[in-house]
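Okay, input_37.pdb now, which holds PDB, C-alpha atoms (C1' of nucleotides):
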ATOM      1  CA  MET A  20       0.000   0.000   0.000
ATOM      2  CA  LEU A  21       2.781   2.416   0.927
ATOM      3  CA  THR A  22       4.635   1.655  -2.284
ATOM      4  CA  LEU A  23       1.541   2.229  -4.388
ATOM      5  CA  ILE A  24       0.827   5.538  -2.696
ATOM      6  CA  HIS A  25       4.491   6.507  -2.844
ATOM      7  CA  ASP A  26       4.700   5.784  -6.563
ATOM      8  CA  HIS A  27       1.532   7.643  -7.498
ATOM      9  CA  LYS A  28       1.864  10.447  -4.902
ATOM     10  CA  PHE A  29      -1.919  10.478  -4.439
ATOM     11  CA  LEU A  30      -4.486   7.688  -4.598
ATOM     12  CA  THR A  31      -8.147   7.517  -3.639
ATOM     13  CA  THR A  32      -9.629   4.746  -1.512
ATOM     14  CA  ARG A  33     -11.367   3.410  -4.590
ATOM     15  CA  GLN A  34      -8.152   3.352  -6.608
ATOM     16  CA  LEU A  35      -6.315   1.514  -3.847
ATOM     17  CA  GLN A  36      -9.131  -0.981  -3.795
ATOM     18  CA  ALA A  37      -8.815  -1.510  -7.551
ATOM     19  CA  LEU A  38      -5.039  -1.911  -7.306
ATOM     20  CA  ALA A  39      -4.611  -3.962  -4.155
ATOM     21  CA  PHE A  40      -7.888  -5.668  -3.174
ATOM     22  CA  THR A  41      -8.872  -7.567  -6.257
ATOM     23  CA  HIS A  42      -9.707 -11.023  -4.963
ATOM     24  CA  HIS A  43     -12.643 -10.501  -2.662
ATOM     25  CA  ALA A  44     -16.052 -12.127  -2.608
ATOM     26  CA  SER A  45     -17.757  -8.862  -3.520
ATOM     27  CA  GLU A  46     -16.945  -5.249  -4.331
ATOM     28  CA  LEU A  47     -18.579  -4.283  -1.059
ATOM     29  CA  SER A  48     -16.354  -6.538   0.955
ATOM     30  CA  ALA A  49     -13.267  -5.351  -0.915
ATOM     31  CA  ALA A  50     -14.244  -1.759  -0.189
ATOM     32  CA  ARG A  51     -14.724  -2.510   3.478
ATOM     33  CA  THR A  52     -11.366  -4.240   3.748
ATOM     34  CA  THR A  53      -9.686  -1.367   1.909
ATOM     35  CA  ARG A  54     -11.209   1.073   4.373
ATOM     36  CA  ARG A  55     -10.111  -0.981   7.347
ATOM     37  CA  VAL A  56      -6.529  -1.206   6.115
ATOM     38  CA  LEU A  57      -6.368   2.497   5.275
ATOM     39  CA  GLN A  58      -7.820   3.331   8.654
ATOM     40  CA  ARG A  59      -5.115   1.328  10.344
ATOM     41  CA  LEU A  60      -2.341   2.961   8.315
ATOM     42  CA  HIS A  61      -3.883   6.324   9.076
ATOM     43  CA  ARG A  62      -4.040   5.519  12.780
ATOM     44  CA  GLU A  63      -0.344   4.551  12.674
ATOM     45  CA  ARG A  64       0.322   7.980  11.126
ATOM     46  CA  LEU A  65       1.759   6.472   7.966
ATOM     47  CA  LEU A  66      -0.887   8.033   5.757
ATOM     48  CA  ALA A  67      -2.806  11.269   5.622
ATOM     49  CA  SER A  68      -5.759  12.287   3.496
ATOM     50  CA  LEU A  69      -6.741  15.515   1.777
ATOM     51  CA  PRO A  70      -9.813  17.481   2.850
ATOM     52  CA  ARG A  71     -12.883  16.291   0.992
ATOM     53  CA  ARG A  72     -16.470  17.216   0.367
ATOM     54  CA  VAL A  73     -19.031  15.440   2.520
ATOM     55  CA  GLY A  74     -22.736  15.594   1.780
ATOM     56  CA  GLY A  75     -24.116  18.404  -0.316
ATOM     57  CA  MET A  76     -25.906  18.788  -3.579
ATOM     58  CA  TYR A  77     -24.161  15.955  -5.362
ATOM     59  CA  GLY A  78     -25.021  13.623  -2.526
ATOM     60  CA  GLY A  79     -22.800  11.335  -0.498
ATOM     61  CA  ALA A  80     -19.195  12.006   0.354
ATOM     62  CA  GLU A  81     -16.179  12.327  -1.922
ATOM     63  CA  ASN A  82     -13.799   9.390  -1.983
ATOM     64  CA  PRO A  83     -10.841  10.201   0.291
ATOM     65  CA  THR A  84      -7.512  10.987  -1.376
ATOM     66  CA  TRP A  85      -4.480   9.550   0.418
ATOM     67  CA  HIS A  86      -0.820  10.483   0.469
ATOM     68  CA  LEU A  87       2.123   9.393   2.580
ATOM     69  CA  ALA A  88       2.663  11.068   5.926
ATOM     70  CA  PRO A  89       6.299  11.749   6.968
ATOM     71  CA  THR A  90       6.509   8.467   8.893
ATOM     72  CA  GLY A  91       5.129   6.661   5.863
ATOM     73  CA  TYR A  92       7.856   8.197   3.705
ATOM     74  CA  ARG A  93      10.499   7.129   6.155
ATOM     75  CA  LEU A  94       9.176   3.585   6.366
ATOM     76  CA  HIS A  95       8.924   3.275   2.602
ATOM     77  CA  TYR A  96      12.434   4.661   2.272
ATOM     78  CA  LEU A  97      13.793   2.064   4.689
ATOM     79  CA  ALA A  98      11.741  -0.782   3.229
ATOM     80  CA  SER A  99      12.912  -0.001  -0.307
ATOM     81  CA  GLY A 100      16.545  -0.107   0.754
ATOM     82  CA  GLY A 101      16.810   3.666   0.790
ATOM     83  CA  ALA A 102      17.834   3.438  -2.821
ATOM     84  CA  ASP A 103      15.355   5.277  -4.966
ATOM     85  CA  ASP A 104      14.933   8.700  -3.458
ATOM     86  CA  GLU A 105      15.995  11.035  -0.733
ATOM     87  CA  LEU A 106      14.646  11.033   2.790
ATOM     88  CA  PRO A 107      11.313  12.710   3.446
ATOM     89  CA  ARG A 108      11.384  16.356   2.672
ATOM     90  CA  ARG A 109       8.731  18.717   3.785
ATOM     91  CA  ILE A 110       5.424  18.006   2.135
ATOM     92  CA  ARG A 111       4.042  21.120   0.547
ATOM     93  CA  GLU A 112       0.429  21.741  -0.249
ATOM     94  CA  PRO A 113      -0.281  20.279  -3.702
ATOM     95  CA  SER A 114      -2.348  22.159  -6.242
ATOM     96  CA  GLU A 115      -5.713  20.677  -7.121
ATOM     97  CA  ARG A 116      -4.455  20.300 -10.676
ATOM     98  CA  THR A 117      -1.473  18.237  -9.554
ATOM     99  CA  VAL A 118      -3.680  15.941  -7.504
ATOM    100  CA  LYS A 119      -6.179  15.522 -10.346
ATOM    101  CA  HIS A 120      -3.376  14.638 -12.714
ATOM    102  CA  CYS A 121      -1.861  12.087 -10.328
ATOM    103  CA  LEU A 122      -5.249  10.462  -9.903
ATOM    104  CA  ALA A 123      -5.820  10.405 -13.666
ATOM    105  CA  VAL A 124      -2.455   8.704 -14.227
ATOM    106  CA  ALA A 125      -3.405   6.137 -11.587
ATOM    107  CA  ASP A 126      -6.719   5.589 -13.387
ATOM    108  CA  ALA A 127      -4.802   4.803 -16.578
ATOM    109  CA  ARG A 128      -2.684   2.292 -14.703
ATOM    110  CA  ILE A 129      -5.789   0.722 -13.189
ATOM    111  CA  ALA A 130      -7.398   0.458 -16.627
ATOM    112  CA  VAL A 131      -4.306  -1.340 -17.925
ATOM    113  CA  GLU A 132      -4.079  -3.741 -14.995
ATOM    114  CA  GLU A 133      -7.790  -4.498 -15.048
ATOM    115  CA  THR A 134      -7.658  -5.204 -18.758
ATOM    116  CA  ALA A 135      -4.818  -7.631 -18.166
ATOM    117  CA  ARG A 136      -6.626  -9.310 -15.305
ATOM    118  CA  GLU A 137     -10.009  -9.559 -16.966
ATOM    119  CA  THR A 138      -9.129 -10.475 -20.537
ATOM    120  CA  GLY A 139      -6.067 -12.630 -20.014
ATOM    121  CA  ASP A 140      -4.764 -11.876 -23.500
ATOM    122  CA  VAL A 141      -2.385  -9.156 -22.395
ATOM    123  CA  LEU A 142       0.201  -9.363 -19.657
ATOM    124  CA  VAL A 143       1.638  -6.366 -17.843
ATOM    125  CA  VAL A 144       5.376  -6.930 -17.708
ATOM    126  CA  ARG A 145       6.396  -3.582 -16.257
ATOM    127  CA  ILE A 146       4.751  -0.417 -15.061
ATOM    128  CA  VAL A 147       6.990   2.440 -13.968
ATOM    129  CA  THR A 148       5.919   5.789 -12.539
ATOM    130  CA  GLU A 149       7.836   9.034 -12.143
ATOM    131  CA  PRO A 150      10.601   9.655 -11.334
ATOM    132  CA  ASP A 151      11.902   6.109 -11.913
ATOM    133  CA  ASN A 152      10.880   6.263 -15.566
ATOM    134  CA  TRP A 153      12.690   9.525 -16.345
ATOM    135  CA  ARG A 154      15.082   9.504 -19.296
ATOM    136  CA  ARG A 155      18.146  11.725 -19.311
ATOM    137  CA  TYR A 156      19.574  12.574 -22.705
ATOM    138  CA  THR A 157      21.607  15.141 -24.563
ATOM    139  CA  ASP A 158      19.792  16.956 -27.353
ATOM    140  CA  SER A 159      21.230  18.234 -30.651
ATOM    141  CA  MET A 160      22.236  21.492 -28.963
ATOM    142  CA  GLY A 161      24.298  19.586 -26.463
ATOM    143  CA  THR A 162      22.147  20.447 -23.473
ATOM    144  CA  THR A 163      21.062  17.835 -20.977
ATOM    145  CA  GLU A 164      17.329  17.208 -21.014
ATOM    146  CA  VAL A 165      15.079  15.010 -18.930
ATOM    147  CA  LEU A 166      12.101  13.285 -20.501
ATOM    148  CA  LYS A 167       9.366  12.675 -17.933
ATOM    149  CA  PRO A 168       6.628  10.295 -19.095
ATOM    150  CA  ASP A 169       3.580   9.945 -16.832
ATOM    151  CA  LEU A 170       3.835   6.165 -17.122
ATOM    152  CA  GLU A 171       6.198   3.723 -18.750
ATOM    153  CA  LEU A 172       4.562   0.470 -19.671
ATOM    154  CA  VAL A 173       5.706  -2.870 -21.056
ATOM    155  CA  THR A 174       3.046  -5.385 -22.063
ATOM    156  CA  ARG A 175       3.087  -8.784 -23.697
ATOM    157  CA  THR A 176       0.455 -10.220 -25.998
ATOM    158  CA  SER A 177       0.407 -13.717 -27.443
ATOM    159  CA  ASP A 178      -1.077 -15.441 -30.462
ATOM    160  CA  GLU A 179      -0.404 -18.707 -32.318
ATOM    161  CA  HIS A 180       2.860 -17.285 -33.727
ATOM    162  CA  GLY A 181       4.342 -16.420 -30.348
ATOM    163  CA  HIS A 182       4.784 -13.566 -27.909
ATOM    164  CA  TYR A 183       4.968  -9.885 -28.683
ATOM    165  CA  GLU A 184       6.359  -7.373 -26.267
ATOM    166  CA  ASP A 185       5.014  -3.853 -26.605
ATOM    167  CA  ARG A 186       6.505  -0.752 -25.075
ATOM    168  CA  TRP A 187       4.631   2.409 -24.289
ATOM    169  CA  PHE A 188       5.054   5.858 -22.865
ATOM    170  CA  LEU A 189       1.743   7.139 -21.522
ATOM    171  CA  GLU A 190       0.919  10.821 -21.231
ATOM    172  CA  VAL A 191      -2.304  11.693 -19.467
ATOM    173  CA  ASP A 192      -3.940  14.918 -20.618
ATOM    174  CA  LEU A 193      -6.709  16.648 -18.676
ATOM    175  CA  SER A 194      -7.197  19.369 -21.284
ATOM    176  CA  THR A 195      -5.268  21.776 -19.082
ATOM    177  CA  GLU A 196      -2.508  22.442 -21.622
ATOM    178  CA  HIS A 197      -2.721  24.267 -24.917
ATOM    179  CA  PRO A 198      -1.940  22.182 -28.020
ATOM    180  CA  PRO A 199       1.409  23.965 -28.633
ATOM    181  CA  VAL A 200       2.566  22.813 -25.200
ATOM    182  CA  ILE A 201       1.615  19.242 -26.093
ATOM    183  CA  VAL A 202       3.432  19.546 -29.427
ATOM    184  CA  ARG A 203       6.538  20.800 -27.638
ATOM    185  CA  GLN A 204       6.437  17.749 -25.424
ATOM    186  CA  CYS A 205       6.080  15.525 -28.488
ATOM    187  CA  GLN A 206       9.161  17.218 -29.890
ATOM    188  CA  GLN A 207      10.994  16.223 -26.751
ATOM    189  CA  TYR A 208      10.043  12.602 -27.349
ATOM    190  CA  GLU A 209      11.188  12.969 -30.952
ATOM    191  CA  ALA A 210      14.513  14.431 -29.824
ATOM    192  CA  TYR A 211      14.989  11.601 -27.369
ATOM    193  CA  ARG A 212      14.185   9.053 -30.062
ATOM    194  CA  ARG A 213      16.869  10.562 -32.326
ATOM    195  CA  THR A 214      19.522   9.900 -29.701
ATOM    196  CA  GLY A 215      18.927   6.168 -30.209
ATOM    197  CA  GLN A 216      19.453   5.603 -26.517
ATOM    198  CA  GLU A 217      16.196   3.759 -25.978
ATOM    199  CA  GLN A 218      16.623   1.637 -29.106
ATOM    200  CA  ASP A 219      20.135   0.626 -28.033
ATOM    201  CA  ARG A 220      18.793  -0.618 -24.755
ATOM    202  CA  THR A 221      15.591  -2.390 -25.794
ATOM    203  CA  GLY A 222      15.687  -2.647 -29.575
ATOM    204  CA  VAL A 223      12.600  -0.518 -30.167
ATOM    205  CA  PHE A 224      11.241   2.885 -29.311
ATOM    206  CA  PRO A 225       7.987   2.887 -27.295
ATOM    207  CA  LEU A 226       4.763   4.243 -28.755
ATOM    208  CA  VAL A 227       3.886   7.560 -27.122
ATOM    209  CA  VAL A 228       0.205   7.493 -26.184
ATOM    210  CA  TRP A 229      -1.703  10.602 -25.208
ATOM    211  CA  VAL A 230      -4.698   9.623 -23.127
ATOM    212  CA  VAL A 231      -7.261  12.417 -23.199
ATOM    213  CA  ARG A 232     -10.791  13.015 -21.924
ATOM    214  CA  THR A 233     -12.936  13.622 -24.979
ATOM    215  CA  THR A 234     -12.976  12.683 -28.643
ATOM    216  CA  ALA A 235     -13.000  16.392 -29.497
ATOM    217  CA  ARG A 236      -9.703  16.679 -27.668
ATOM    218  CA  THR A 237      -8.222  13.663 -29.503
ATOM    219  CA  GLN A 238      -8.986  15.400 -32.785
ATOM    220  CA  ARG A 239      -7.489  18.703 -31.682
ATOM    221  CA  LEU A 240      -4.272  17.123 -30.461
ATOM    222  CA  ALA A 241      -3.922  14.745 -33.401
ATOM    223  CA  ARG A 242      -4.347  17.672 -35.781
ATOM    224  CA  ALA A 243      -1.769  19.727 -33.890
ATOM    225  CA  ILE A 244       0.742  16.858 -33.946
ATOM    226  CA  ARG A 245       0.213  16.199 -37.661
ATOM    227  CA  ALA A 246       0.668  19.896 -38.423
ATOM    228  CA  ALA A 247       3.932  20.123 -36.489
ATOM    229  CA  ARG A 248       7.206  20.082 -38.387
ATOM    230  CA  ARG A 249       9.863  17.423 -37.954
ATOM    231  CA  LEU A 250       7.556  15.133 -36.023
ATOM    232  CA  ASP A 251       7.220  11.460 -36.976
ATOM    233  CA  THR A 252       3.489  10.910 -36.555
ATOM    234  CA  GLY A 253       4.027   7.143 -36.396
ATOM    235  CA  LEU A 254       5.552   7.684 -32.995
ATOM    236  CA  PHE A 255       2.355   9.046 -31.454
ATOM    237  CA  ARG A 256      -1.206   8.010 -30.779
ATOM    238  CA  VAL A 257      -3.979  10.109 -29.244
ATOM    239  CA  ILE A 258      -6.861   8.219 -27.644
ATOM    240  CA  THR A 259      -9.536   8.595 -24.979
ATOM    241  CA  GLY A 260      -9.384   6.631 -21.753
ATOM    242  CA  GLU A 261     -12.077   4.248 -22.995
ATOM    243  CA  GLN A 262      -9.880   3.243 -25.930
ATOM    244  CA  LEU A 263      -6.887   2.374 -23.787
ATOM    245  CA  PRO A 264      -7.827  -1.287 -23.097
ATOM    246  CA  ALA A 265      -8.416  -1.954 -26.814
ATOM    247  CA  LEU A 266      -5.115  -0.306 -27.730
ATOM    248  CA  ILE A 267      -2.976  -2.342 -25.375
ATOM    249  CA  ARG A 268      -4.802  -5.549 -26.272
ATOM    250  CA  GLY A 269      -4.245  -4.963 -29.955
ATOM    251  CA  GLY A 270      -0.594  -4.081 -29.633
ATOM    252  CA  VAL A 271       0.979  -1.220 -31.512
ATOM    253  CA  GLY A 272      -0.770  -0.874 -34.825
ATOM    254  CA  GLY A 273      -2.940   1.609 -36.669
ATOM    255  CA  GLU A 274      -2.040   5.234 -36.993
ATOM    256  CA  LEU A 275      -2.373   8.627 -35.340
TER     257      LEU A 275
ATOM    258  C1'  DT B  27      -7.495 -22.204  22.575
ATOM    259  C1'  DA B  28      -7.269 -17.505  21.402
ATOM    260  C1'  DC B  29      -6.793 -14.311  18.312
ATOM    261  C1'  DT B  30      -7.455 -12.172  13.618
ATOM    262  C1'  DC B  31      -9.634 -11.671   9.170
ATOM    263  C1'  DT B  32     -13.609 -11.682   6.149
ATOM    264  C1'  DG B  33     -17.953 -10.478   4.432
ATOM    265  C1'  DG B  34     -23.116  -9.959   4.798
ATOM    266  C1'  DA B  35     -26.575  -6.902   6.705
ATOM    267  C1'  DT B  36     -28.021  -2.765   8.368
ATOM    268  C1'  DC B  37     -27.531   1.796  10.369
ATOM    269  C1'  DT B  38     -25.268   6.879  10.474
ATOM    270  C1'  DG B  39     -23.485  11.369   9.097
ATOM    271  C1'  DT B  40     -23.506  14.907   5.991
ATOM    272  C1'  DA B  41     -25.306  19.387   3.524
ATOM    273  C1'  DA B  42     -27.305  21.431  -0.656
ATOM    274  C1'  DA B  43     -31.550  21.209  -3.099
ATOM    275  C1'  DC B  44     -36.102  20.516  -3.029
ATOM    276  C1'  DT B  45     -40.854  20.472  -0.940
ATOM    277  C1'  DT B  46     -44.317  21.901   2.108
TER     278       DT B  46
ATOM    279  C1'  DA C  27     -39.006  28.393   8.267
ATOM    280  C1'  DA C  28     -39.051  23.736   8.815
ATOM    281  C1'  DG C  29     -38.807  19.311   7.242
ATOM    282  C1'  DT C  30     -37.520  15.866   3.534
ATOM    283  C1'  DT C  31     -34.815  13.971  -0.115
ATOM    284  C1'  DT C  32     -30.641  12.463  -2.020
ATOM    285  C1'  DA C  33     -26.361   9.773  -2.439
ATOM    286  C1'  DC C  34     -22.392   7.910  -0.864
ATOM    287  C1'  DA C  35     -18.530   6.783   2.505
ATOM    288  C1'  DG C  36     -18.149   4.997   6.677
ATOM    289  C1'  DA C  37     -19.573   2.624  11.192
ATOM    290  C1'  DT C  38     -21.229  -1.215  13.638
ATOM    291  C1'  DC C  39     -22.615  -5.819  14.663
ATOM    292  C1'  DC C  40     -21.800 -10.481  14.193
ATOM    293  C1'  DA C  41     -21.005 -15.136  12.669
ATOM    294  C1'  DG C  42     -17.991 -18.149  10.334
ATOM    295  C1'  DA C  43     -13.369 -19.094   8.448
ATOM    296  C1'  DG C  44      -8.511 -18.980   8.993
ATOM    297  C1'  DT C  45      -4.214 -19.203  11.686
ATOM    298  C1'  DA C  46      -0.639 -19.609  15.256
TER     299       DA C  46
END
Could you write out this file's structure as structure tokens?
Amino acid sequence: MLTLIHDHKFLTTRQLQALAFTHHASELSAARTTRRVLQRLHRERLLASLPRRVGGMYGGAENPTWHLAPTGYRLHYLASGGADDELPRRIREPSERTVKHCLAVADARIAVEETARETGDVLVVRIVTEPDNWRRYTDSMGTTEVLKPDLELVTRTSDEHGHYEDRWFLEVDLSTEHPPVIVRQCQQYEAYRRTGQEQDRTGVFPLVVWVVRTTARTQRLARAIRAARRLDTGLFRVITGEQLPALIRGGVGGEL
DNA sequence: TACTCTGGATCTGTAAACTT
DNA sequence: AAGTTTACAGATCCAGAGTA
């Protein structure tokens, strides 16, 4: 639980249920168990939750959003061998936008894992969150850049001819950025691809998938990417969240 | 034996919107 | 002005299963 929350920065009770309590007799029972475990971790001061709306015009209460408390950081740091990041720094108040984005990235991960679990025809080999999935490279100007995908994903599909391993970089878009900003980020992927670093390591370059909210947005972004100069459109795909399961089941095919 | 975990059933708390 | 509706997370009770 601590690792999941550490990796995603923020997770809701429901998301933790979907990620960690998947073999219960009923959804209700899974939810109850999730709550009990979170309560315990909260009581031990390992977790804290953000303020949430309770009652009101939309009815019910908002699902709690959890993050690690300082003790939780410390414990995770010790449990993970103290290897991956520095000791707990002061936790500063996150912006609502940051939280929403973290939760949306987690939703994408959940969609992928649920697809794998429910269909059985795709296997999740690796899923890496920030900052472990960052890629450092030197661009054509000689400056050091860092590529920061929202999620790095390796999946495996099988058919009668054998296994196929697919690699992906996922970017989750909540329509908060203007298309030129998205295009600039695509150019960063393109620049990284030109270094050949990734291909040297794994043989292929991952497909960069923009996961957006609406079909109108897919069209806007796809148009912007196609219109951009020096951008290999075969490298990118823009889809809605609903299309994500189909995409990873089908492997990399089709076009922008 | 003694403790913990699980899961079904049912009850509470909450506050804006709606009704009377 | 007062009461009711709404919708959901969460609380509580409890029996049966699991475990040391």
Work out how far CA of Thr174 (chain A) is from CA of Thr134 (chain A), in Å to one decimal. 11.2 Å
At a cut-off of 12 Å, which residues of chain B touch chain A? Count only C-alpha atoms (C1' of nucleotides) and give the answer as a PyMOL selection string. chain B and resi 31-35+39-44
Could you spell out the hits of the PyMOL selection byres ((chain A and resi 173) around 6) on the shown file, as a PDB file with C-alpha atoms, in the frame of the given file?
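File expr.pdb, as written:
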ATOM      1  CA  VAL A 144       5.376  -6.930 -17.708  1.00  0.00           C
ATOM      2  CA  ARG A 145       6.396  -3.582 -16.257  1.00  0.00           C
ATOM      3  CA  LEU A 172       4.562   0.470 -19.671  1.00  0.00           C
ATOM      4  CA  THR A 174       3.046  -5.385 -22.063  1.00  0.00           C
ATOM      5  CA  ASP A 185       5.014  -3.853 -26.605  1.00  0.00           C
ATOM      6  CA  ARG A 186       6.505  -0.752 -25.075  1.00  0.00           C
TER       7      ARG A 186
END
With the file shown as input, list the residues that the PyMOL selection byres ((chain A and resi 240) around 9) selects, as an mmCIF file with C-alpha atoms, in the coordinates of the input.
data_model
loop_
_atom_site.group_PDB
_atom_site.id
_atom_site.type_symbol
_atom_site.label_atom_id
_atom_site.label_comp_id
_atom_site.auth_asym_id
_atom_site.auth_seq_id
_atom_site.Cartn_x
_atom_site.Cartn_y
_atom_site.Cartn_z
ATOM 1 C CA PRO A 198 -1.940 22.182 -28.020
ATOM 2 C CA ILE A 201 1.615 19.242 -26.093
ATOM 3 C CA VAL A 202 3.432 19.546 -29.427
ATOM 4 C CA TRP A 229 -1.703 10.602 -25.208
ATOM 5 C CA ALA A 235 -13.000 16.392 -29.497
ATOM 6 C CA ARG A 236 -9.703 16.679 -27.668
ATOM 7 C CA THR A 237 -8.222 13.663 -29.503
ATOM 8 C CA GLN A 238 -8.986 15.400 -32.785
ATOM 9 C CA ARG A 239 -7.489 18.703 -31.682
ATOM 10 C CA ALA A 241 -3.922 14.745 -33.401
ATOM 11 C CA ARG A 242 -4.347 17.672 -35.781
ATOM 12 C CA ALA A 243 -1.769 19.727 -33.890
ATOM 13 C CA ILE A 244 0.742 16.858 -33.946
ATOM 14 C CA ARG A 245 0.213 16.199 -37.661
ATOM 15 C CA VAL A 257 -3.979 10.109 -29.244
#
Expand the PyMOL selection byres ((chain C) within 12 of (chain A)) into the explicit residue set it covers here, and present it as a PyMOL selection string. chain C and resi 31-37
Quick one, how far is CA of Glu179 (chain A) from CA of Gln218 (chain A)? 26.7 Å
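CA of Thr138 (chain A) is found 13.7 Å from CA of Asp178 (chain A).
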For DT45 (chain B): contacts at 12 Å, all atoms listed in the file, fewer than 5 positions along chain excluded, given as a PyMOL selection string: chain C and resi 28-31
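Taking only C-alpha atoms into account, Val56 (chain A) lies nearest to A:Met20 out of the set A:Pro70, A:Met20, A:Val230, A:Trp153.
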Identify which of the residues A:Arg249, A:Arg71, A:Arg59, A:His42 lies closest to Glu115 (chain A), counting all atoms listed in the file when measuring atom-to-atom distances. A:Arg71
Do a neighbour search on His25 (chain A) at 12 Å with only C-alpha atoms (C1' of nucleotides), toss out local chain neighbours closer than 2 positions, and write the hits as a ChimeraX atom specification. /A:20-23,27-30,35,65-66,85-89,91-96,98-99,103-104,107,121,125,148-151
